[in-house]
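Worksheet: one structure, shown below.
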Amino acid sequence: MQSLQARSSRIASSQFVILAREFVGYLVAVNAAFLLRFDFAIPSNYMPHLWFACLAMPLLKVLVFKVMGLERCWWRYFSLEDLERLLFGNFAASLLCGVVIWGLGPAGFPRSIYILDLVLATAVSAGGRATMRRFGELSRQAPGTIPKRVLIYGAGSAGVILLREIRQNTALGYKLVGFVDDDPTKTGLKLSGVKILGKGSLLPELVQSLNINEVLVAIPSATGAQMTQILSHCQNVNI
């Protein structure tokens, strides 16, 4: 029972910290919006608008995020689905801010502030989560270990899933160097920041030049003939 209460307390504390960070980020965003709107020289007659915005907008946005449960997202696994919810949350919060400021705020509130604040607030909240996810991936790498340099054979959905697992599970001891794929139209493109280096026939050259330790095959939909060709390319590699 005490363990459950301690866990609940840690979760509540973590959510409070996230909301506090959001509040600070939104406060920075609204100030930056005013500075950009007035070329970093805010007229004195617009200072009441700034003070009201600094009070109302961060509080209202944090409230919306709390209602939508966005502070419960696990930043370590921040995904495109989370990004969509984040964008919707920022848009809904900006609409609420507009309604409150129109009804209670000082007259003549600059309408361009709403757009600038929405863009900046979204960038702050999404950028912060993406940064924390990347930092978490890097911080989980075991110190003093030398990861195996690997290539993924197959630049498709299965390859992307394997890439994510390699990045999130450092216990595997892998460092992804690139993809190979037999579709020539994919060569030179990037998947999640990792380059597709060429066709499978180039494996011997790539393995030697890039000091590759392993080749991971990620093509679950390959036919028998395609798998035979893939294995043939892998057998020509000296690892």
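By convention here, the chains of the structure tokens are called A, B, ... in the order presented, each chain's residues are numbered starting at 1, and ligands are numbered starting at 1 in the order presented.
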| Skipping near chain neighbours, those fewer than 4 positions away, what residues fall within 12 Å of segment 100-114 of chain A using only C-alpha atoms, listed as a PyMOL selection string? | chain A and resi 29-38+42+45-57+59-61+90-96+118-121
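Residue neighbourhood of Asn213 of chain A, excluding near-sequence residues (fewer than 5 positions): Ile146, Pro147, Lys148, Arg149, Val150, Leu151, Ile152, Gly173, Tyr174, Lys175, Leu176, Val177, Leu203, Pro204, Leu206, Val207, Gln208, Val237, Asn238 and Ile239 of chain A, at 12 Å, using only C-alpha atoms.
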Can you build me a table of segment 78-177 of chain A residues sitting at most 12 Å from segment 15-24 of chain A, with the closest atom pair per residue and its distance in Å to one decimal, using only C-alpha atoms, sorted by chain and residue number, as a Markdown table?
| residue | atom | partner | partner_atom | distance |
| --- | --- | --- | --- | --- |
| A:Leu86 | CA | A:Glu22 | CA | 11.7 |
| A:Asn90 | CA | A:Glu22 | CA | 11.1 |
| A:Ala121 | CA | A:Glu22 | CA | 9.1 |
| A:Thr122 | CA | A:Glu22 | CA | 10.6 |
| A:Ala123 | CA | A:Glu22 | CA | 11.7 |
| A:Val124 | CA | A:Glu22 | CA | 8.5 |
| A:Ser125 | CA | A:Glu22 | CA | 6.9 |
| A:Ala126 | CA | A:Glu22 | CA | 10.5 |
| A:Gly127 | CA | A:Glu22 | CA | 11.6 |
| A:Gly128 | CA | A:Glu22 | CA | 9.3 |
| A:Arg129 | CA | A:Ile18 | CA | 10.2 |
| A:Met132 | CA | A:Ile18 | CA | 11.6 |
Those same residues - C-alpha atoms - I'd like them written as a PDB file, in the first residue's frame.
ATOM      1  CA  LEU A  86       0.137  18.329 -29.052  1.00  0.00           C
ATOM      2  CA  ASN A  90      -2.028  24.116 -28.727  1.00  0.00           C
ATOM      3  CA  ALA A 121       4.155  27.854 -28.312  1.00  0.00           C
ATOM      4  CA  THR A 122       3.883  24.820 -30.584  1.00  0.00           C
ATOM      5  CA  ALA A 123       7.578  25.005 -31.395  1.00  0.00           C
ATOM      6  CA  VAL A 124       8.482  25.271 -27.709  1.00  0.00           C
ATOM      7  CA  SER A 125       6.292  22.386 -26.547  1.00  0.00           C
ATOM      8  CA  ALA A 126       7.057  20.027 -29.444  1.00  0.00           C
ATOM      9  CA  GLY A 127      10.736  20.948 -29.569  1.00  0.00           C
ATOM     10  CA  GLY A 128      11.126  20.393 -25.847  1.00  0.00           C
ATOM     11  CA  ARG A 129       9.610  16.928 -26.044  1.00  0.00           C
ATOM     12  CA  MET A 132      14.034  15.224 -24.188  1.00  0.00           C
TER      13      MET A 132
END
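Our summary of the geometry notes that atom CA of Leu231 of chain A is positioned 25.4 Å from atom CA of Arg167 of chain A.
Proximity ranking of A:Glu165, A:Lys186, A:Tyr153, A:Ser192 relative to Ala218 of chain A places A:Tyr153 first, based on only C-alpha atoms.
Of note, atom CA of Gly178 of chain A and atom CA of Gly159 of chain A are spaced 10.5 Å apart.
Atom CA of Ile212 of chain A lies 25.5 Å from atom CA of Ala225 of chain A.
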